[in-house]
Each structure stands twice: as structure tokens, then as C-alpha cells.
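Asker: Input file: my_file00.txt. Contents: compact mmCIF, C-alpha atoms.
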```
# COMPACT_ATOMS: atom_id res chain seq x y z
CA MET A 1 7.24 20.91 -24.57
CA THR A 2 4.66 23.43 -23.40
CA TRP A 3 3.19 22.84 -19.98
CA ASN A 4 0.37 24.33 -17.97
CA TRP A 5 -0.09 23.89 -14.22
CA ARG A 6 -2.09 20.70 -14.64
CA THR A 7 0.16 18.89 -17.11
CA GLY A 8 3.27 20.26 -15.41
CA LEU A 9 2.28 18.83 -12.05
CA LEU A 10 1.26 15.52 -13.62
CA ALA A 11 4.52 15.26 -15.58
CA GLN A 12 6.56 15.80 -12.41
CA ALA A 13 4.33 13.38 -10.48
CA ARG A 14 4.94 10.77 -13.17
CA SER A 15 8.68 11.28 -12.91
CA ASP A 16 8.63 11.07 -9.08
CA TYR A 17 6.58 7.88 -9.34
CA ARG A 18 9.10 6.34 -11.75
CA LEU A 19 11.83 7.03 -9.18
CA PHE A 20 9.68 5.46 -6.46
CA ARG A 21 9.31 2.31 -8.56
CA HIS A 22 12.98 2.34 -9.51
CA LEU A 23 13.97 2.25 -5.82
CA HIS A 24 11.99 -0.96 -5.33
CA ASN A 25 14.89 -3.26 -4.51
CA LEU A 26 16.85 -1.25 -1.96
CA PRO A 27 18.93 -3.80 -0.07
CA ASN A 28 18.42 -2.29 3.37
CA PRO A 29 14.76 -2.33 4.48
CA LYS A 30 15.45 0.64 6.74
CA GLU A 31 16.16 2.76 3.68
CA GLN A 32 12.47 2.66 2.81
CA CYS A 33 12.51 6.34 3.73
CA HIS A 34 13.85 7.12 0.25
CA ARG A 35 11.02 5.27 -1.48
CA LEU A 36 8.49 6.83 0.84
CA ARG A 37 9.84 10.29 0.14
CA TYR A 38 9.35 9.83 -3.59
CA LEU A 39 5.96 8.25 -2.99
CA GLN A 40 4.90 11.24 -0.91
CA MET A 41 6.13 13.68 -3.57
CA ALA A 42 4.52 11.73 -6.42
CA THR A 43 1.15 11.42 -4.70
CA GLU A 44 1.06 15.09 -3.67
CA LYS A 45 1.72 16.28 -7.23
CA LEU A 46 -0.58 13.66 -8.73
CA ALA A 47 -3.41 14.87 -6.51
CA LYS A 48 -2.71 18.54 -7.17
CA GLY A 49 -2.42 17.88 -10.91
CA LEU A 50 -5.64 15.90 -11.20
CA MET A 51 -7.49 18.53 -9.17
CA SER A 52 -5.97 21.44 -11.16
CA ASP A 53 -7.85 23.62 -13.65
CA SER A 54 -4.59 24.15 -15.59
CA LYS A 55 -4.45 27.91 -14.86
CA MET A 56 -4.07 28.39 -11.12
CA PRO A 57 -0.88 27.31 -9.33
CA PRO A 58 -1.48 24.72 -6.58
CA ALA A 59 -1.80 25.60 -2.89
CA LEU A 60 1.53 25.59 -1.05
CA SER A 61 0.30 23.04 1.49
CA HIS A 62 1.68 19.52 1.18
CA LYS A 63 -1.73 18.12 2.04
CA ALA A 64 -3.58 17.10 -1.10
CA PHE A 65 -3.44 13.35 -1.62
CA ALA A 66 -5.88 12.18 1.06
CA THR A 67 -8.35 14.85 -0.04
CA PHE A 68 -8.02 13.63 -3.60
CA VAL A 69 -8.54 9.98 -2.61
CA LYS A 70 -11.79 10.99 -0.88
CA GLN A 71 -12.97 12.66 -4.11
CA ALA A 72 -11.43 10.32 -6.71
CA HIS A 73 -14.73 8.55 -7.42
CA LYS A 74 -15.88 11.77 -9.11
CA VAL A 75 -13.00 11.70 -11.62
CA ALA A 76 -14.34 9.63 -14.51
CA SER A 77 -10.96 8.80 -16.07
CA VAL A 78 -9.55 7.57 -12.72
CA CYS A 79 -12.73 5.60 -11.99
CA ARG A 80 -12.46 3.92 -15.40
CA GLU A 81 -8.72 3.18 -15.24
CA CYS A 82 -9.09 1.74 -11.74
CA GLY A 83 -11.56 -0.80 -13.11
CA PHE A 84 -14.77 0.69 -11.71
CA ASP A 85 -16.15 2.11 -14.94
CA SER A 86 -19.85 1.97 -14.13
CA ASP A 87 -19.64 1.29 -10.41
CA GLU A 88 -19.07 4.60 -8.62
CA LYS A 89 -20.46 3.30 -5.33
CA GLY A 90 -18.13 0.29 -5.48
CA PHE A 91 -15.21 2.61 -6.13
CA MET A 92 -16.19 4.73 -3.11
CA ARG A 93 -16.16 1.62 -0.90
CA TYR A 94 -12.80 0.63 -2.35
CA LEU A 95 -11.35 4.08 -1.68
CA GLN A 96 -12.40 3.83 1.98
CA ASP A 97 -9.64 1.24 2.40
CA VAL A 98 -7.08 3.53 0.75
CA ILE A 99 -7.80 6.67 2.81
CA PRO A 100 -5.96 5.69 6.06
CA ILE A 101 -2.72 4.88 4.26
CA ALA A 102 -3.09 7.96 2.02
CA GLU A 103 -3.25 10.06 5.19
CA ALA A 104 -0.15 8.31 6.55
CA ILE A 105 1.77 9.06 3.34
CA GLU A 106 0.64 12.67 3.47
CA ASP A 107 2.09 12.89 6.98
CA LEU A 108 5.57 11.92 5.79
CA VAL A 109 6.58 15.51 4.97
CA PRO A 110 8.90 17.30 7.42
CA LYS A 111 6.89 19.32 9.97
CA GLY A 112 8.89 20.52 12.94
CA VAL A 113 11.68 18.85 14.92
CA ALA A 114 9.51 16.36 16.77
CA ALA A 115 7.54 14.68 13.99
CA PRO A 116 8.69 11.54 12.16
CA ASN A 117 9.19 12.23 8.46
CA ALA A 118 10.95 10.61 5.52
CA GLU A 119 13.54 13.35 4.98
CA TYR A 120 15.07 14.94 8.11
CA PRO A 121 16.12 13.59 11.51
CA TRP A 122 13.66 14.38 14.31
CA GLU A 123 13.79 14.21 18.07
CA GLU A 124 11.83 12.29 20.66
CA ARG A 125 11.50 13.63 24.20
CA ARG A 126 10.78 11.32 27.10
CA LEU A 127 10.84 11.54 30.87
CA ASP A 128 13.45 9.18 32.30
CA LYS A 129 13.35 7.58 35.77
CA SER A 130 14.81 10.68 37.42
CA LYS A 131 11.97 12.73 35.83
CA SER A 132 14.35 14.65 33.60
CA ILE A 133 13.69 15.02 29.90
CA ARG A 134 15.72 12.75 27.70
CA VAL A 135 16.09 13.77 24.05
CA THR A 136 16.76 11.11 21.43
CA VAL A 137 17.44 11.97 17.79
CA LYS A 138 15.85 9.63 15.24
CA VAL A 139 17.03 9.22 11.65
CA PRO A 140 14.72 8.42 8.68
CA ALA A 141 17.26 5.99 7.18
CA ASP A 142 17.41 4.11 10.51
CA HIS A 143 13.67 3.98 11.16
CA SER A 144 11.18 1.20 10.49
CA TRP A 145 8.24 2.61 8.61
CA PRO A 146 4.89 1.09 9.64
CA GLU A 147 3.24 3.14 6.89
CA TRP A 148 4.87 0.82 4.41
CA ASP A 149 4.30 -2.51 6.05
CA ALA A 150 2.88 -5.35 3.95
CA SER A 151 0.61 -6.20 6.87
CA LEU A 152 -1.37 -3.02 6.30
CA PRO A 153 -4.62 -4.10 4.64
CA GLY A 154 -4.88 -1.05 2.39
CA VAL A 155 -1.41 -1.14 0.97
CA ALA A 156 -2.03 -3.33 -2.11
CA LYS A 157 -5.15 -1.34 -2.90
CA LEU A 158 -3.17 1.89 -2.68
CA MET A 159 -0.67 0.57 -5.23
CA GLU A 160 -3.46 -0.55 -7.52
CA PHE A 161 -5.17 2.84 -7.17
CA LEU A 162 -1.92 4.65 -8.06
CA GLU A 163 -1.38 2.47 -11.12
CA GLY A 164 -4.90 3.35 -12.27
CA CYS A 165 -4.33 7.07 -11.63
CA PHE A 166 -1.10 7.06 -13.62
CA ARG A 167 -2.77 5.17 -16.48
CA ALA A 168 -5.33 7.98 -16.53
CA VAL A 169 -2.47 10.51 -16.52
CA GLU A 170 -0.79 8.72 -19.46
CA ARG A 171 -4.00 8.95 -21.47
CA GLU A 172 -4.38 12.62 -20.70
CA MET A 173 -0.81 13.84 -21.23
CA PRO A 174 -0.38 13.53 -25.02
CA GLN A 175 -3.56 15.53 -25.59
CA GLU A 176 -2.69 18.28 -23.13
CA ALA A 177 1.04 18.77 -23.72
CA ASP A 178 2.71 19.15 -27.08
CA MET B 179 -5.55 4.69 12.67
CA PRO B 180 -7.04 1.17 12.33
CA ASP B 181 -4.13 -0.01 10.17
CA GLU B 182 -1.69 0.55 13.04
CA VAL B 183 -3.74 -1.81 15.17
CA SER B 184 -3.39 -4.55 12.59
CA THR B 185 0.37 -4.01 12.34
CA ARG B 186 0.72 -4.31 16.09
CA ALA B 187 -1.29 -7.53 16.00
CA VAL B 188 1.29 -9.13 13.74
CA ARG B 189 4.14 -7.83 15.86
CA ARG B 190 2.57 -9.03 19.10
CA ASP B 191 2.16 -12.54 17.78
CA GLY B 192 5.67 -12.49 16.35
CA GLY B 193 7.03 -11.44 19.72
CA ARG B 194 5.30 -14.31 21.53
CA ASN B 195 6.69 -16.91 19.17
CA GLY B 196 10.15 -15.44 18.72
CA LEU B 197 11.43 -14.79 15.20
CA VAL B 198 8.87 -16.19 12.79
CA THR B 199 10.69 -17.59 9.79
CA ASP B 200 8.25 -20.15 8.43
CA LEU B 201 6.78 -18.68 5.26
CA THR B 202 3.40 -20.38 5.50
CA ARG B 203 2.97 -19.42 9.13
CA VAL B 204 3.80 -15.79 8.40
CA ALA B 205 1.46 -15.87 5.39
CA ARG B 206 -1.39 -17.21 7.54
CA GLU B 207 -0.81 -14.53 10.15
CA LEU B 208 -0.74 -11.87 7.45
CA ALA B 209 -3.95 -13.25 5.94
CA ARG B 210 -5.67 -13.22 9.35
CA THR B 211 -4.58 -9.62 9.89
CA HIS B 212 -5.94 -8.48 6.53
CA ALA B 213 -9.16 -10.46 6.93
CA ARG B 214 -9.74 -9.12 10.45
CA VAL B 215 -9.74 -5.53 9.20
CA GLU B 216 -11.64 -6.21 5.96
CA ARG B 217 -13.92 -8.95 7.26
CA SER B 218 -17.07 -7.69 5.57
CA LYS B 219 -15.43 -7.61 2.13
CA MET B 220 -12.89 -10.45 2.28
CA LYS B 221 -14.07 -13.79 0.89
CA GLU B 222 -10.89 -15.87 0.48
CA ILE B 223 -7.12 -15.53 0.63
CA TRP B 224 -4.95 -17.86 -1.47
CA LEU B 225 -1.24 -18.55 -1.03
CA PHE B 226 0.72 -19.30 -4.18
CA PRO B 227 3.99 -21.24 -3.96
CA ASP B 228 7.45 -19.75 -4.29
CA GLU B 229 9.95 -22.58 -4.79
CA GLU B 230 12.75 -20.50 -3.31
CA GLU B 231 10.60 -19.61 -0.27
CA ARG B 232 11.64 -15.98 -0.52
CA GLU B 233 8.28 -14.40 -1.20
CA ILE B 234 4.79 -14.66 0.28
CA ARG B 235 2.41 -14.59 -2.70
CA LEU B 236 -1.18 -13.80 -1.82
CA VAL B 237 -4.29 -13.38 -3.90
CA GLU B 238 -7.05 -11.78 -1.84
CA VAL B 239 -10.57 -12.30 -3.12
CA GLU B 240 -12.75 -9.38 -2.06
CA THR B 241 -16.20 -8.17 -2.98
CA VAL B 242 -14.80 -4.66 -3.48
CA ALA B 243 -11.95 -4.84 -5.99
CA PRO B 244 -11.29 -3.52 -9.49
CA HIS B 245 -12.15 -5.51 -12.59
CA HIS B 246 -9.01 -6.76 -14.31
CA GLU B 247 -8.37 -8.24 -17.72
CA GLY B 248 -5.88 -11.04 -18.44
CA GLU B 249 -3.22 -11.44 -15.78
CA ILE B 250 -3.85 -10.38 -12.18
CA PRO B 251 -1.51 -7.53 -11.16
CA ALA B 252 0.45 -8.07 -7.92
CA TYR B 253 2.24 -5.49 -5.77
CA ARG B 254 5.45 -6.34 -3.93
CA PHE B 255 6.66 -5.13 -0.56
CA PRO B 256 10.12 -5.64 0.93
CA PRO B 257 10.84 -7.61 4.12
CA ASP B 258 10.40 -5.70 7.35
CA PRO B 259 12.32 -7.26 10.26
CA LYS B 260 10.56 -5.07 12.81
CA SER B 261 7.14 -6.40 11.87
CA ARG B 262 8.48 -9.96 11.84
CA ILE B 263 7.88 -10.44 8.15
CA PRO B 264 11.30 -11.61 6.94
CA PHE B 265 10.03 -12.27 3.40
CA TRP B 266 9.10 -10.24 0.39
CA VAL B 267 5.31 -10.02 0.18
CA ALA B 268 3.38 -9.82 -3.11
CA ILE B 269 -0.35 -9.13 -2.88
CA ALA B 270 -3.03 -9.13 -5.56
CA VAL B 271 -6.68 -8.21 -4.99
CA ILE B 272 -9.49 -9.57 -7.21
CA ARG B 273 -13.27 -9.93 -7.23
CA PRO B 274 -14.83 -13.38 -6.58
CA GLU B 275 -16.20 -13.60 -10.14
CA ASP B 276 -12.72 -12.93 -11.59
CA LYS B 277 -11.10 -15.92 -9.91
CA GLU B 278 -12.15 -18.40 -12.59
CA ARG B 279 -11.52 -15.94 -15.39
CA LEU B 280 -8.07 -14.47 -14.69
CA GLU B 281 -4.53 -15.82 -14.86
CA PRO B 282 -2.43 -15.59 -11.67
CA PRO B 283 0.51 -13.17 -11.82
CA ALA B 284 3.43 -14.27 -14.04
CA GLY B 285 5.67 -16.89 -12.43
CA TRP B 286 3.11 -17.90 -9.80
CA GLY B 287 1.94 -21.05 -11.60
CA ASP B 288 -1.77 -21.80 -11.90
CA TRP B 289 -4.64 -21.97 -9.41
CA SER B 290 -4.14 -25.71 -8.88
CA GLY B 291 -0.87 -24.99 -7.07
CA ALA B 292 -2.43 -22.43 -4.72
CA ARG B 293 -3.62 -23.12 -1.18
CA LYS B 294 -6.56 -21.36 0.45
CA ILE B 295 -5.23 -20.04 3.76
CA TRP B 296 -8.25 -17.95 4.77
CA PRO B 297 -10.90 -18.75 5.88
CA GLU B 298 -8.98 -21.44 7.70
CA GLY B 299 -10.04 -25.07 7.39
CA PRO B 300 -11.87 -27.29 9.92
CA GLN B 301 -8.57 -28.61 11.38
CA ARG B 302 -7.66 -25.14 12.59
CA ILE B 303 -11.16 -24.53 13.95
CA ARG B 304 -11.10 -27.83 15.90
CA ARG B 305 -7.75 -26.88 17.45
CA ILE B 306 -9.09 -23.55 18.64
CA ALA B 307 -12.29 -25.16 20.00
CA ARG B 308 -10.34 -27.68 22.12
```
Please, can you express the file's structure as C-alpha cells?
Answerer:
Amino acid sequence: MTWNWRTGLLAQARSDYRLFRHLHNLPNPKEQCHRLRYLQMATEKLAKGLMSDSKMPPALSHKAFATFVKQAHKVASVCRECGFDSDEKGFMRYLQDVIPIAEAIEDLVPKGVAAPNAEYPWEERRLDKSKSIRVTVKVPADHSWPEWDASLPGVAKLMEFLEGCFRAVEREMPQEAD
Amino acid sequence: MPDEVSTRAVRRDGGRNGLVTDLTRVARELARTHARVERSKMKEIWLFPDEEEREIRLVEVETVAPHHEGEIPAYRFPPDPKSRIPFWVAIAVIRPEDKERLEPPAGWGDWSGARKIWPEGPQRIRRIAR
């Protein structure tokens, strides 16, 4: 198989997304961190792939998905596969509901010792009653993840959006990679 | 982030009532939470039955949703004890005009078995007014 930056990123995004789906029935709800980690990786590469010109390597920043969601209405294949073929304005309104949760997923990457993330333990610092700083270490596999709560209004739309994006990727891949 | 507010709303209510285990009650609370945030777009929320009472099955009818063909796709989310949702939740989103046209997700039965849980009926409104 011959890849370029675009198809390479999309192929890896597709594989990450398969893993995310495969981990659907983890018995312990607290282990959602593993699904979220694959979701973060899949969405980052999906965004970078769909915004790639095939030649230039992607930026090193992990931030790409929320930016892509804000621009996705301009990508005809995604618009079509998400069921908004001739309704770009409708798709823009739909994407407004996806943006907050896309930003939350983007924030799941490790970034320093004090920020919650889906991969490494982090620490919380609080003042106790004696005004001294108390440090507590938190573990991703022992954390409840509000970013992945069914009560979030945008969460079903995010899943639907991703399915549409990956349908667009499937249509593109056989033509681009041989 | 507005979504965090809605999550807390479910948790707060769950905390007041203790552990919420009744599927319909949790489904109604979930529906209210979603409708509160998406009030301008949300038209109806339907609860489909699960004989084993393991899964909350919602079809949300919104003015802004993709066009589907054939069967409505649903997306499933695992139970989250911390948000007081001790059930699997499956959610599908459709447009109002697609409700008559599309089949519910596989295994959910047909529309005749579904109950509209949002907007809530006159009984609920009377209770609040009292």
C-alpha cells in the first residue's frame, strides 16, 4: 500500500476508531478512559487527515478536531455523508451542538501534571483546613468522565457525525491509496 | 461549557432522590435535560421499551438532524454510576418528517410500543401547577 499524508492519517484514524468501537462493552464504567483515549486519537487524526493536502505533514499540536468540526460544513463529502447534502446551513446548526463535546475530547490529551487526561495520572492541589496544600493523585482508570456521559445533549450527534465522517473516508480511501 | 451544566442538573436531582433506579424516571430526567439545552430544536422525545429494563432507548425528534434512510441509527452509552444513570442509554436523533417514514432501530419494536416522554403530558403539568 502506498500512502500520502492525507490517506495515511485517515487510515490510522480509521484503525483507532475501530478500536474505540471494539472497546464498547468494557465491564467497568470507570475504564471509559481507554475508549476516550482511542476516541481522542481517532478524532485528531481524522481531522488532520480531512484537512490535509496530502503533501505536508500535520502540525504537531493535538488540537485539530474542534477546529475541523467548526469547518466541516465546507467539506462536501462529509456534508453529504452526514445527511445534509443540500442543506449547508442546517449542517452548520447541527455542528453547533457537536462543538462543545469536540472541545472536551480534544482536551483529553496529557498536558502537565495537573490536568485531567485519559492517559496519565494527574494531581489535584487543594488547601485543607489548616491552610496547607494537600496533593491528591487521580488516576484515569478510576475517574468518572463527564465528557462521555449520556446526559450530554451533543453526544449522540457527535457519534452520528463521526459515522458520517468515516463513511466519507471509506469512499475516499480506495481512490487515494493503492 | 453548557453541557457540564446539564450533567450537573441530572446529578443534583439524583442526589435529592437517592439512587434513581427506575428506568422510566431516569429516562424522563434525561429527556428533560436534553430538551432544556436544545429547547429551540427539540420537538419530541420518545421512549422505546426494553423488556429486560437494562437500556433506556430514546428517539429524539429535532428540527436539526440528518436525513436517514431505512432504519434509524442509534448510539449506545454505558451506565455511569456517578451521574446516576445506572442503565445503558441508546439515543437516536431524527427530523420530524422522518418519524412516519423510518423504522425504529433493530430490536426496538415499532412506534406503537413507544411512549412520548417529552414534552410531558397534562398530568405532569397539573402536578407542577398545584
Asker: Contacts of segment 83-100 of chain A at 7 Å or less, counting all atoms listed in the file, minus same-chain residues fewer than 3 places along, as a JSON list (two decimals) with C-alpha atoms, in the coordinates of the input?
Answerer:
```json
[["chain", "number", "residue", "atom", "x", "y", "z"],
["A", 66, "ALA", "CA", -5.88, 12.18, 1.06],
["A", 69, "VAL", "CA", -8.54, 9.98, -2.61],
["A", 70, "LYS", "CA", -11.79, 10.99, -0.88],
["A", 73, "HIS", "CA", -14.73, 8.55, -7.42],
["A", 79, "CYS", "CA", -12.73, 5.60, -11.99],
["A", 80, "ARG", "CA", -12.46, 3.92, -15.40],
["A", 103, "GLU", "CA", -3.25, 10.06, 5.19],
["A", 104, "ALA", "CA", -0.15, 8.31, 6.55],
["A", 154, "GLY", "CA", -4.88, -1.05, 2.39],
["A", 157, "LYS", "CA", -5.15, -1.34, -2.90],
["A", 158, "LEU", "CA", -3.17, 1.89, -2.68],
["B", 179, "MET", "CA", -5.55, 4.69, 12.67],
["B", 242, "VAL", "CA", -14.80, -4.66, -3.48],
["B", 243, "ALA", "CA", -11.95, -4.84, -5.99],
["B", 244, "PRO", "CA", -11.29, -3.52, -9.49],
["B", 245, "HIS", "CA", -12.15, -5.51, -12.59],
["B", 246, "HIS", "CA", -9.01, -6.76, -14.31]]
```
Asker: Segment 33-49 of chain A: which residues within 9 Å, counting only C-alpha atoms, same-chain residues fewer than 6 positions away excluded, as a ChimeraX atom specification?
Answerer: /A:5-24,26,58-59,62-69,102,105-109,117-119,140-145,147-148,162,165-166,169
Asker: Mind checking which residues fall within 9 Å of Glu281 of chain B, counting all atoms listed in the file, ignoring those fewer than 3 positions away in the same chain, and posting them as a list of chain:residue names?
Answerer: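 My list of contacting residues is B:Glu247, B:Gly248, B:Glu249, B:Ile250, B:Lys277, B:Glu278, B:Ala284, B:Gly287, B:Asp288, B:Trp289.
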Asker: Can you list, as a ChimeraX atom specification, every protein, DNA or RNA residue that comes within 9 Å of Thr202 of chain B when you count all atoms listed in the file, leaving out same-chain residues fewer than 5 positions away?
Answerer: /B:207,225,234,295
Asker: Counting all atoms listed in the file, figure out which residue out of A:Glu124, A:Glu81, A:Asp53, A:Glu172 gets nearest to chain B.
Answerer: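 Answer, going by the shortest atom-to-atom distance: A:Glu81.
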Asker: Render segment 277-298 of chain B from the structure in the preceding block as a file of N, CA and C atoms, as a PDB file, in the first residue's frame.
Answerer:
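Result file out23.pdb:
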```pdb
ATOM      1  N   LYS B 277     -40.199  10.774  11.036  1.00  0.00           N
ATOM      2  CA  LYS B 277     -40.799   9.893  12.054  1.00  0.00           C
ATOM      3  C   LYS B 277     -41.772   8.888  11.434  1.00  0.00           C
ATOM      4  N   GLU B 278     -42.568   9.339  10.496  1.00  0.00           N
ATOM      5  CA  GLU B 278     -43.539   8.438   9.863  1.00  0.00           C
ATOM      6  C   GLU B 278     -42.857   7.502   8.866  1.00  0.00           C
ATOM      7  N   ARG B 279     -41.731   7.913   8.369  1.00  0.00           N
ATOM      8  CA  ARG B 279     -41.100   7.256   7.235  1.00  0.00           C
ATOM      9  C   ARG B 279     -40.110   6.166   7.644  1.00  0.00           C
ATOM     10  N   LEU B 280     -39.467   6.320   8.810  1.00  0.00           N
ATOM     11  CA  LEU B 280     -38.338   5.454   9.155  1.00  0.00           C
ATOM     12  C   LEU B 280     -38.696   4.381  10.174  1.00  0.00           C
ATOM     13  N   GLU B 281     -37.988   3.256  10.081  1.00  0.00           N
ATOM     14  CA  GLU B 281     -38.145   2.164  11.042  1.00  0.00           C
ATOM     15  C   GLU B 281     -37.318   2.473  12.287  1.00  0.00           C
ATOM     16  N   PRO B 282     -37.851   2.188  13.484  1.00  0.00           N
ATOM     17  CA  PRO B 282     -37.021   2.334  14.693  1.00  0.00           C
ATOM     18  C   PRO B 282     -35.810   1.397  14.620  1.00  0.00           C
ATOM     19  N   PRO B 283     -34.798   1.653  15.445  1.00  0.00           N
ATOM     20  CA  PRO B 283     -33.619   0.774  15.429  1.00  0.00           C
ATOM     21  C   PRO B 283     -34.005  -0.693  15.668  1.00  0.00           C
ATOM     22  N   ALA B 284     -33.197  -1.600  15.137  1.00  0.00           N
ATOM     23  CA  ALA B 284     -33.488  -3.043  15.227  1.00  0.00           C
ATOM     24  C   ALA B 284     -33.658  -3.470  16.684  1.00  0.00           C
ATOM     25  N   GLY B 285     -34.702  -4.254  16.943  1.00  0.00           N
ATOM     26  CA  GLY B 285     -34.941  -4.786  18.281  1.00  0.00           C
ATOM     27  C   GLY B 285     -35.753  -3.861  19.176  1.00  0.00           C
ATOM     28  N   TRP B 286     -36.112  -2.681  18.682  1.00  0.00           N
ATOM     29  CA  TRP B 286     -36.848  -1.720  19.500  1.00  0.00           C
ATOM     30  C   TRP B 286     -38.362  -1.846  19.308  1.00  0.00           C
ATOM     31  N   GLY B 287     -38.816  -2.744  18.442  1.00  0.00           N
ATOM     32  CA  GLY B 287     -40.247  -2.826  18.148  1.00  0.00           C
ATOM     33  C   GLY B 287     -40.664  -1.716  17.199  1.00  0.00           C
ATOM     34  N   ASP B 288     -41.994  -1.429  17.170  1.00  0.00           N
ATOM     35  CA  ASP B 288     -42.432  -0.356  16.272  1.00  0.00           C
ATOM     36  C   ASP B 288     -42.911   0.856  17.080  1.00  0.00           C
ATOM     37  N   TRP B 289     -43.329   1.885  16.355  1.00  0.00           N
ATOM     38  CA  TRP B 289     -43.705   3.143  17.015  1.00  0.00           C
ATOM     39  C   TRP B 289     -44.879   2.973  17.974  1.00  0.00           C
ATOM     40  N   SER B 290     -45.724   1.952  17.706  1.00  0.00           N
ATOM     41  CA  SER B 290     -46.907   1.803  18.575  1.00  0.00           C
ATOM     42  C   SER B 290     -46.512   1.418  20.006  1.00  0.00           C
ATOM     43  N   GLY B 291     -45.329   0.860  20.180  1.00  0.00           N
ATOM     44  CA  GLY B 291     -44.892   0.484  21.525  1.00  0.00           C
ATOM     45  C   GLY B 291     -44.153   1.597  22.251  1.00  0.00           C
ATOM     46  N   ALA B 292     -43.922   2.710  21.560  1.00  0.00           N
ATOM     47  CA  ALA B 292     -43.133   3.801  22.154  1.00  0.00           C
ATOM     48  C   ALA B 292     -44.036   4.759  22.930  1.00  0.00           C
ATOM     49  N   ARG B 293     -43.455   5.399  23.938  1.00  0.00           N
ATOM     50  CA  ARG B 293     -44.181   6.402  24.718  1.00  0.00           C
ATOM     51  C   ARG B 293     -43.504   7.757  24.566  1.00  0.00           C
ATOM     52  N   LYS B 294     -44.315   8.801  24.337  1.00  0.00           N
ATOM     53  CA  LYS B 294     -43.725  10.141  24.253  1.00  0.00           C
ATOM     54  C   LYS B 294     -43.472  10.626  25.673  1.00  0.00           C
ATOM     55  N   ILE B 295     -42.207  10.897  26.004  1.00  0.00           N
ATOM     56  CA  ILE B 295     -41.908  11.324  27.382  1.00  0.00           C
ATOM     57  C   ILE B 295     -41.529  12.806  27.461  1.00  0.00           C
ATOM     58  N   TRP B 296     -41.399  13.443  26.305  1.00  0.00           N
ATOM     59  CA  TRP B 296     -41.206  14.899  26.288  1.00  0.00           C
ATOM     60  C   TRP B 296     -41.768  15.446  24.982  1.00  0.00           C
ATOM     61  N   PRO B 297     -42.523  16.542  24.956  1.00  0.00           N
ATOM     62  CA  PRO B 297     -42.992  17.290  26.121  1.00  0.00           C
ATOM     63  C   PRO B 297     -43.877  16.407  26.995  1.00  0.00           C
ATOM     64  N   GLU B 298     -43.867  16.706  28.305  1.00  0.00           N
ATOM     65  CA  GLU B 298     -44.633  15.885  29.219  1.00  0.00           C
ATOM     66  C   GLU B 298     -46.119  16.230  29.136  1.00  0.00           C
TER      67      GLU B 298
END
```
